[in-house]
There are 2 protein chains.
Amino acid sequence: MALIEPRTLKGFRDYLPEAQIPREWLIDTARRVYRSYGFLPIDTPALEYEEILTGKGGEESDKQMYRFEDHGGRRVALRFDLTVPLARFVAQHSNQLGMPFKRYHIASVWRGENTQKGRYREFMQCDFDTIGTESIAADIETGLVIHDLVRAIGMEEFTIRINNRKILNGFLEAAGVADRASAVLRVIDKADKVGKDAVLQELTSGVSLSQRDAALIVRGLLDTPFDEFGVLEANLLQQLLGPERQSALCAQGIVELTQTIQGMLAAGVPSERIRPDLSIARGLDYYTGTIFETVLNDLPGIGSICSGGRYDDLANLYTKERLPGIGASLGLDRLLTALEELKLLPTTRATAPVFLPFFDAQRLGDYLALATKLRAAGIGVELYPEPKKLKTQLQYADRRGYPFAIVIGSDEWKSGTAQVKNLKNGKSDVVPLHDATGALAPELLTRLRA
Amino acid sequence: MALIEPRTLKGFRDYLPEAQIPREWLIDTARRVYRSYGFLPIDTPALEYEEILTGKGGEESDKQMYRFEDHGGRRVALRFDLTVPLARFVAQHSNQLGMPFKRYHIASVWRGENTQKGRYREFMQCDFDTIGTESIAADIETGLVIHDLVRAIGMEEFTIRINNRKILNGFLEAAGVADRASAVLRVIDKADKVGKDAVLQELTSGVSLSQRDAALIVRGLLDTPFDEFGVLEANLLQQLLGPERQSALCAQGIVELTQTIQGMLAAGVPSERIRPDLSIARGLDYYTGTIFETVLNDLPGIGSICSGGRYDDLANLYTKERLPGIGASLGLDRLLTALEELKLLPTTRATAPVFLPFFDAQRLGDYLALATKLRAAGIGVELYPEPKKLKTQLQYADRRGYPFAIVIGSDEWKSGTAQVKNLKNGKSDVVPLHDATGALAPELLTRLRA
């Protein structure tokens, strides 16, 4: 019979242990941080009715969605994010859930994206959201969760950029360019990459604004100064617009942005990690208030690793109940890929600290009993399954990254001792296996926990 | 605009927090046990080329598989188990992995099954396998992992049933019914449910065996006695067959079964949890040696919660390299559903121990700062997002199952104290918030950790 070539689909990847170990660690870390704020876990099906998923994410998402007909002739699709399923979920269960409802959801999503961008078609999202409240406390808390999360994954040099869609929408409306707001925001959003001159150029030639309007927008959204506490000089935008074009929406956005930043500072976030930035827009239609983006100062090229914002009405496709909320998402696989490429991942490869060679073929029962005792003492141990040459077994242990081996041959079994070998520095010690009562010797345990 | 009805597909379900919290706990527990034996995590794509997945799982799996054409015109399918993807994975990466290779994989699979059986079409599998060794040590270890796993999820009264396909195949061959082995095993496998008489009846009328052959099979596979250490009376099957019909394969199976059980006993598994059982077959074509099934003594009706066995050649569809192995799978969602129905799930619903009402609207910054300090001390805390009536907030906390609330109003802020309320017994204490150095008061921390 001809062999089938073992391969993964284009845009999909296997996670070998050296990638999956840090991935599990990232997932655990995110979960621990979410839980420390009282967020609750949920899960939803990977497959949903097509009608549930289409139309909500926009044309681009619809095009990329994996959809097909199931065995029962239903039109079904694989979820492309965790937000649309959340909307369906809260509409369906809101009575049972009670509001406010704070949930996290860590799961894979699928998008038939162009893989030339270096993106995968299957990736894990790591979302948290607070539904059912418009309180600014939820906006502040979202910023705090992002801050704790990025620190918990080992980063100290990062910047949380914050904006508020009300400022953008109010300002553009008052400036008389509301009809071209989407196009303007798309240009402004790229300011970081292309620079201010290119933005001015694009606003006049691409979006067809007057020189004056383009200059006003650049001064308002890219040049606005903030005081030493990261707070926007509140009057400046209003001054730019002049007395006839004041915007209540813009003013409200400024208040919210200020409160969000001040709340984060009050909770202990260092000011250098917070940057108000009126140029970020994060997609065009979805968000209605506070917006967050997070960049690693030393790796700006990978883009935002944790982004999100406030929305007015999550589930309006499925229910008349108004459900405002705010949330953000850790781009787990994007972060992992970047750290992997940059060789910044922790290099732990073993999942247990101790390797136990199977050395004396007559003593399998004794090795098994010792391994059981070590595990009962909370020390993970891998027993090699075959009584091969010690050298072969230790090569295996070395390749797997084990920190310790306990070498016990016939002589050691007779004398009741073990060689504890530190595989990192090559040193070994002979220690007793058991104390007088027959329990594991404290000396052995201490060494293995070192 | 007409609303879209929020609903899940038939055979799919949402996991609300009260189900997802124990589910995450089960996943964590399995992972912890697998890691304590040095198993390494991997992940593979949910979608694979259809040709990779078809043919390997048998006709039933092929029929139930979700398959379709993707955007690039490729025939693709959702994985229906984690074993076929493992076979493809080791064939593809065997050089990089090195043998033996011990992996665990915890992920969802999809089967378009008949939902009338109470089965879901999406469920999580929780597999571990040791590839690349035929050593009996791996068989024993598989039994030990199952034992640790079931105990770690809180069960003490359970039975691991063990058999060996070599005994079955050798015995049936020697008995002259090898041509009807599949049909015979299917009948024998049901002995537990239907009883011995029905088996005899079915073997003669259904499978058309002679009365004598049927009686021989029932005596050999259902009546065989084991000694007090759970070890098969080795000569008995051979005596039944008589001197002309000895089977080397059967004898080899008996040796392996005995070694597996004795190894598990040596490692400390209590003998009452091990039951050799020649009637279990676990599917018909897949396994070639040791087989495991695990039943909860008080819940036999839910079937085996952890099953597996040894196979000769995992990846022969994809590679010429011979890859024998052994593994098992925890039926996580089946177990969860059963425990849920029987109300045996832990009732913890909160993910953090402390609820902090937002009571004095002027003090948001102070509440935020206190919550940050508590989290830094390792104590998770949810701050309610709105300064509503205390009663409303405490009802929310009660519904969420919080064990503690820290109530601080204007007076408490002034006096630097907090009411620590035990929400389980209703008692409260007034304790200082900070000690003389401005750190959190040890008294406060002690109470919240209680």
# chains A, B, ... in the order shown; residues from 1 in each chain; ligands from 1
>>> interface_residues(of="chain A", to="chain B", cutoff="6 Å", atoms="only C-alpha atoms", output="ChimeraX atom specification")
/A:3-6,14-17,20,35-38,40-44,88,92,137-138,263,266-267,317-318,351-352,365,368-369,380-382,385
>>> write_last_selection(atoms="N, CA and C atoms", output="mmCIF file, in the first residue's frame")
data_model
loop_
_atom_site.group_PDB
_atom_site.id
_atom_site.type_symbol
_atom_site.label_atom_id
_atom_site.label_comp_id
_atom_site.auth_asym_id
_atom_site.auth_seq_id
_atom_site.Cartn_x
_atom_site.Cartn_y
_atom_site.Cartn_z
ATOM 1 N N LEU A 3 2.254 4.847 0.856
ATOM 2 C CA LEU A 3 2.176 5.659 2.070
ATOM 3 C C LEU A 3 1.504 6.991 1.772
ATOM 4 N N ILE A 4 0.811 7.533 2.767
ATOM 5 C CA ILE A 4 0.242 8.872 2.669
ATOM 6 C C ILE A 4 1.274 9.833 3.251
ATOM 7 N N GLU A 5 1.557 10.898 2.543
ATOM 8 C CA GLU A 5 2.569 11.835 3.037
ATOM 9 C C GLU A 5 2.072 12.530 4.305
ATOM 10 N N PRO A 6 2.838 12.394 5.411
ATOM 11 C CA PRO A 6 2.396 13.054 6.639
ATOM 12 C C PRO A 6 2.688 14.553 6.576
ATOM 13 N N ASP A 14 1.971 22.183 13.726
ATOM 14 C CA ASP A 14 2.058 21.346 14.918
ATOM 15 C C ASP A 14 2.816 22.096 15.996
ATOM 16 N N TYR A 15 2.447 21.848 17.232
ATOM 17 C CA TYR A 15 3.226 22.350 18.355
ATOM 18 C C TYR A 15 3.994 21.193 18.961
ATOM 19 N N LEU A 16 5.310 21.168 18.712
ATOM 20 C CA LEU A 16 6.154 20.164 19.352
ATOM 21 C C LEU A 16 6.345 20.560 20.821
ATOM 22 N N PRO A 17 6.806 19.629 21.659
ATOM 23 C CA PRO A 17 6.898 19.960 23.093
ATOM 24 C C PRO A 17 7.632 21.271 23.378
ATOM 25 N N GLN A 20 5.020 23.772 22.765
ATOM 26 C CA GLN A 20 3.784 23.609 23.527
ATOM 27 C C GLN A 20 3.995 23.833 25.028
ATOM 28 N N ARG A 35 -8.284 35.045 36.653
ATOM 29 C CA ARG A 35 -8.952 34.565 37.871
ATOM 30 C C ARG A 35 -8.695 35.480 39.064
ATOM 31 N N SER A 36 -7.527 36.087 39.126
ATOM 32 C CA SER A 36 -7.209 36.934 40.274
ATOM 33 C C SER A 36 -8.096 38.189 40.294
ATOM 34 N N TYR A 37 -8.806 38.464 39.195
ATOM 35 C CA TYR A 37 -9.784 39.560 39.158
ATOM 36 C C TYR A 37 -11.216 39.033 39.207
ATOM 37 N N GLY A 38 -11.370 37.732 39.407
ATOM 38 C CA GLY A 38 -12.712 37.169 39.503
ATOM 39 C C GLY A 38 -13.379 36.886 38.161
ATOM 40 N N LEU A 40 -14.601 34.601 35.187
ATOM 41 C CA LEU A 40 -15.014 33.199 35.205
ATOM 42 C C LEU A 40 -14.798 32.571 33.832
ATOM 43 N N PRO A 41 -14.385 31.298 33.795
ATOM 44 C CA PRO A 41 -14.158 30.660 32.493
ATOM 45 C C PRO A 41 -15.461 30.196 31.838
ATOM 46 N N ILE A 42 -15.515 30.275 30.517
ATOM 47 C CA ILE A 42 -16.606 29.633 29.766
ATOM 48 C C ILE A 42 -15.987 28.921 28.569
ATOM 49 N N ASP A 43 -16.779 28.063 27.919
ATOM 50 C CA ASP A 43 -16.362 27.538 26.627
ATOM 51 C C ASP A 43 -17.595 27.454 25.739
ATOM 52 N N THR A 44 -17.387 27.615 24.456
ATOM 53 C CA THR A 44 -18.468 27.524 23.476
ATOM 54 C C THR A 44 -18.007 26.599 22.353
ATOM 55 N N ARG A 88 -23.459 35.685 21.238
ATOM 56 C CA ARG A 88 -24.519 34.673 21.167
ATOM 57 C C ARG A 88 -24.752 34.039 22.539
ATOM 58 N N GLN A 92 -28.136 34.192 24.855
ATOM 59 C CA GLN A 92 -28.832 32.940 25.123
ATOM 60 C C GLN A 92 -28.987 32.652 26.611
ATOM 61 N N ALA A 137 -15.027 52.076 36.114
ATOM 62 C CA ALA A 137 -14.239 51.120 36.902
ATOM 63 C C ALA A 137 -13.872 49.900 36.060
ATOM 64 N N ALA A 138 -14.773 49.511 35.146
ATOM 65 C CA ALA A 138 -14.489 48.357 34.288
ATOM 66 C C ALA A 138 -13.416 48.700 33.253
ATOM 67 N N GLY A 263 -7.172 56.247 37.226
ATOM 68 C CA GLY A 263 -7.494 55.041 37.981
ATOM 69 C C GLY A 263 -6.353 54.028 37.922
ATOM 70 N N ALA A 266 -3.652 55.251 40.166
ATOM 71 C CA ALA A 266 -4.026 55.068 41.576
ATOM 72 C C ALA A 266 -3.822 53.612 41.996
ATOM 73 N N ALA A 267 -4.045 52.703 41.063
ATOM 74 C CA ALA A 267 -3.904 51.281 41.390
ATOM 75 C C ALA A 267 -2.453 50.825 41.332
ATOM 76 N N LEU A 317 -27.493 41.605 17.635
ATOM 77 C CA LEU A 317 -28.000 40.742 16.557
ATOM 78 C C LEU A 317 -28.939 39.669 17.098
ATOM 79 N N TYR A 318 -28.808 39.363 18.400
ATOM 80 C CA TYR A 318 -29.499 38.195 18.948
ATOM 81 C C TYR A 318 -30.534 38.525 20.034
ATOM 82 N N THR A 351 9.059 18.141 31.721
ATOM 83 C CA THR A 351 7.880 18.457 32.518
ATOM 84 C C THR A 351 7.995 17.885 33.930
ATOM 85 N N ALA A 352 9.065 17.148 34.198
ATOM 86 C CA ALA A 352 9.313 16.599 35.531
ATOM 87 C C ALA A 352 10.780 16.886 35.843
ATOM 88 N N GLY A 365 10.556 -3.646 39.606
ATOM 89 C CA GLY A 365 9.610 -3.345 40.684
ATOM 90 C C GLY A 365 10.148 -2.305 41.660
ATOM 91 N N LEU A 368 10.054 1.115 40.024
ATOM 92 C CA LEU A 368 8.662 1.580 39.998
ATOM 93 C C LEU A 368 8.216 2.077 41.370
ATOM 94 N N ALA A 369 8.585 1.316 42.405
ATOM 95 C CA ALA A 369 8.166 1.697 43.760
ATOM 96 C C ALA A 369 8.820 3.008 44.179
ATOM 97 N N GLY A 380 8.054 14.985 40.381
ATOM 98 C CA GLY A 380 7.799 14.253 39.142
ATOM 99 C C GLY A 380 9.034 13.494 38.698
ATOM 100 N N VAL A 381 8.841 12.304 38.134
ATOM 101 C CA VAL A 381 9.999 11.495 37.736
ATOM 102 C C VAL A 381 9.647 10.649 36.518
ATOM 103 N N GLU A 382 10.552 10.648 35.547
ATOM 104 C CA GLU A 382 10.394 9.751 34.405
ATOM 105 C C GLU A 382 11.326 8.562 34.566
ATOM 106 N N PRO A 385 11.969 3.382 29.983
ATOM 107 C CA PRO A 385 11.242 2.109 29.915
ATOM 108 C C PRO A 385 12.086 0.867 29.618
#
>>> select_by_dssp(residues="range 100-326 of chain B", states="helix (DSSP H, G or I)", output="number ranges by chain")
B: 115-117, 136-152, 165-174, 178-189, 191-194, 196-205, 211-222, 234-241, 243-245, 248-266, 271-273, 300-302
>>> atom_distance(atom1="CA of Glu256 in chain A", atom2="CA of Ala215 in chain A")
25.6 Å
>>> atom_distance(atom1="CA of Val295 in chain A", atom2="CA of Arg273 in chain A")
9.9 Å
>>> select_by_dssp(residues="range 227-285 of chain A", states="strand (DSSP E or B)", output="ChimeraX atom specification")
/A:232,274-276
>>> write_last_selection(atoms="N, CA and C atoms", output="CSV table (one decimal), in the first residue's frame")
chain,number,residue,atom,x,y,z
A,232,LEU,N,-4.4,64.3,29.2
A,232,LEU,CA,-4.6,65.2,28.1
A,232,LEU,C,-4.8,66.6,28.6
A,274,ILE,N,2.1,53.8,30.7
A,274,ILE,CA,0.8,54.3,30.2
A,274,ILE,C,1.0,55.4,29.2
A,275,ARG,N,0.5,55.3,28.0
A,275,ARG,CA,0.6,56.4,27.0
A,275,ARG,C,-0.7,56.7,26.4
A,276,PRO,N,-1.3,57.8,26.7
A,276,PRO,CA,-2.5,58.2,26.0
A,276,PRO,C,-2.1,58.5,24.5
>>> atom_distance(atom1="CA of Glu272 in chain A", atom2="CA of Lys196 in chain A")
23.1 Å
>>> residues_around(residues="range 181-184 of chain A", least_positions_apart="4", cutoff="8 Å", atoms="only C-alpha atoms", output="PyMOL selection string")
chain A and resi 169+172-173+177+188+203+207+284
>>> residues_around(residues="Gly308 in chain A", least_positions_apart="6", cutoff="10 Å", atoms="only C-alpha atoms", output="list in words")
Asp127, Phe128, Asp129, Thr142, Gly143, Ile146, Ile162, Arg282, Tyr287, Thr290, Ile291, Phe292, Glu293, Thr294, Ile326, Gly327, Ala328, Ser329 and Leu330 of chain A
>>> write_last_selection(atoms="C-alpha atoms", output="mmCIF file, in the first residue's frame")
data_model
loop_
_atom_site.group_PDB
_atom_site.id
_atom_site.type_symbol
_atom_site.label_atom_id
_atom_site.label_comp_id
_atom_site.auth_asym_id
_atom_site.auth_seq_id
_atom_site.Cartn_x
_atom_site.Cartn_y
_atom_site.Cartn_z
ATOM 1 C CA ASP A 127 -10.038 36.919 25.808
ATOM 2 C CA PHE A 128 -11.501 38.539 28.881
ATOM 3 C CA ASP A 129 -14.595 40.761 28.961
ATOM 4 C CA THR A 142 -9.321 46.200 31.870
ATOM 5 C CA GLY A 143 -6.130 48.285 31.801
ATOM 6 C CA ILE A 146 -3.500 43.983 30.718
ATOM 7 C CA ILE A 162 -4.940 54.234 25.491
ATOM 8 C CA ARG A 282 -8.365 49.600 16.514
ATOM 9 C CA TYR A 287 -15.515 50.073 19.545
ATOM 10 C CA THR A 290 -11.927 53.320 25.647
ATOM 11 C CA ILE A 291 -9.405 51.523 23.423
ATOM 12 C CA PHE A 292 -6.215 49.712 24.483
ATOM 13 C CA GLU A 293 -3.129 48.543 22.602
ATOM 14 C CA THR A 294 0.007 47.111 24.174
ATOM 15 C CA ILE A 326 -15.392 46.103 27.648
ATOM 16 C CA GLY A 327 -12.695 43.527 27.104
ATOM 17 C CA ALA A 328 -9.363 42.685 25.576
ATOM 18 C CA SER A 329 -7.514 39.786 24.054
ATOM 19 C CA LEU A 330 -3.983 38.482 24.466
#
>>> residues_around(residues="range 250-255 of chain A", least_positions_apart="4", cutoff="7 Å", atoms="only C-alpha atoms", output="JSON, numbers by chain")
{"A": [164, 166, 167, 170, 171, 234, 259]}
>>> write_last_selection(atoms="C-alpha atoms", output="mmCIF file, in the first residue's frame")
data_model
loop_
_atom_site.group_PDB
_atom_site.id
_atom_site.type_symbol
_atom_site.label_atom_id
_atom_site.label_comp_id
_atom_site.auth_asym_id
_atom_site.auth_seq_id
_atom_site.Cartn_x
_atom_site.Cartn_y
_atom_site.Cartn_z
ATOM 1 C CA ASN A 164 -11.184 56.776 23.474
ATOM 2 C CA LYS A 166 -15.564 59.300 21.659
ATOM 3 C CA ILE A 167 -12.665 61.730 21.316
ATOM 4 C CA GLY A 170 -16.464 63.859 18.441
ATOM 5 C CA PHE A 171 -13.417 65.627 17.097
ATOM 6 C CA ALA A 234 -8.259 69.001 28.143
ATOM 7 C CA GLN A 259 -10.381 58.841 34.548
#
>>> residues_around(residues="Tyr311 in chain B", least_positions_apart="4", cutoff="7 Å", atoms="only C-alpha atoms", output="ChimeraX atom specification")
/B:286-289,324-326
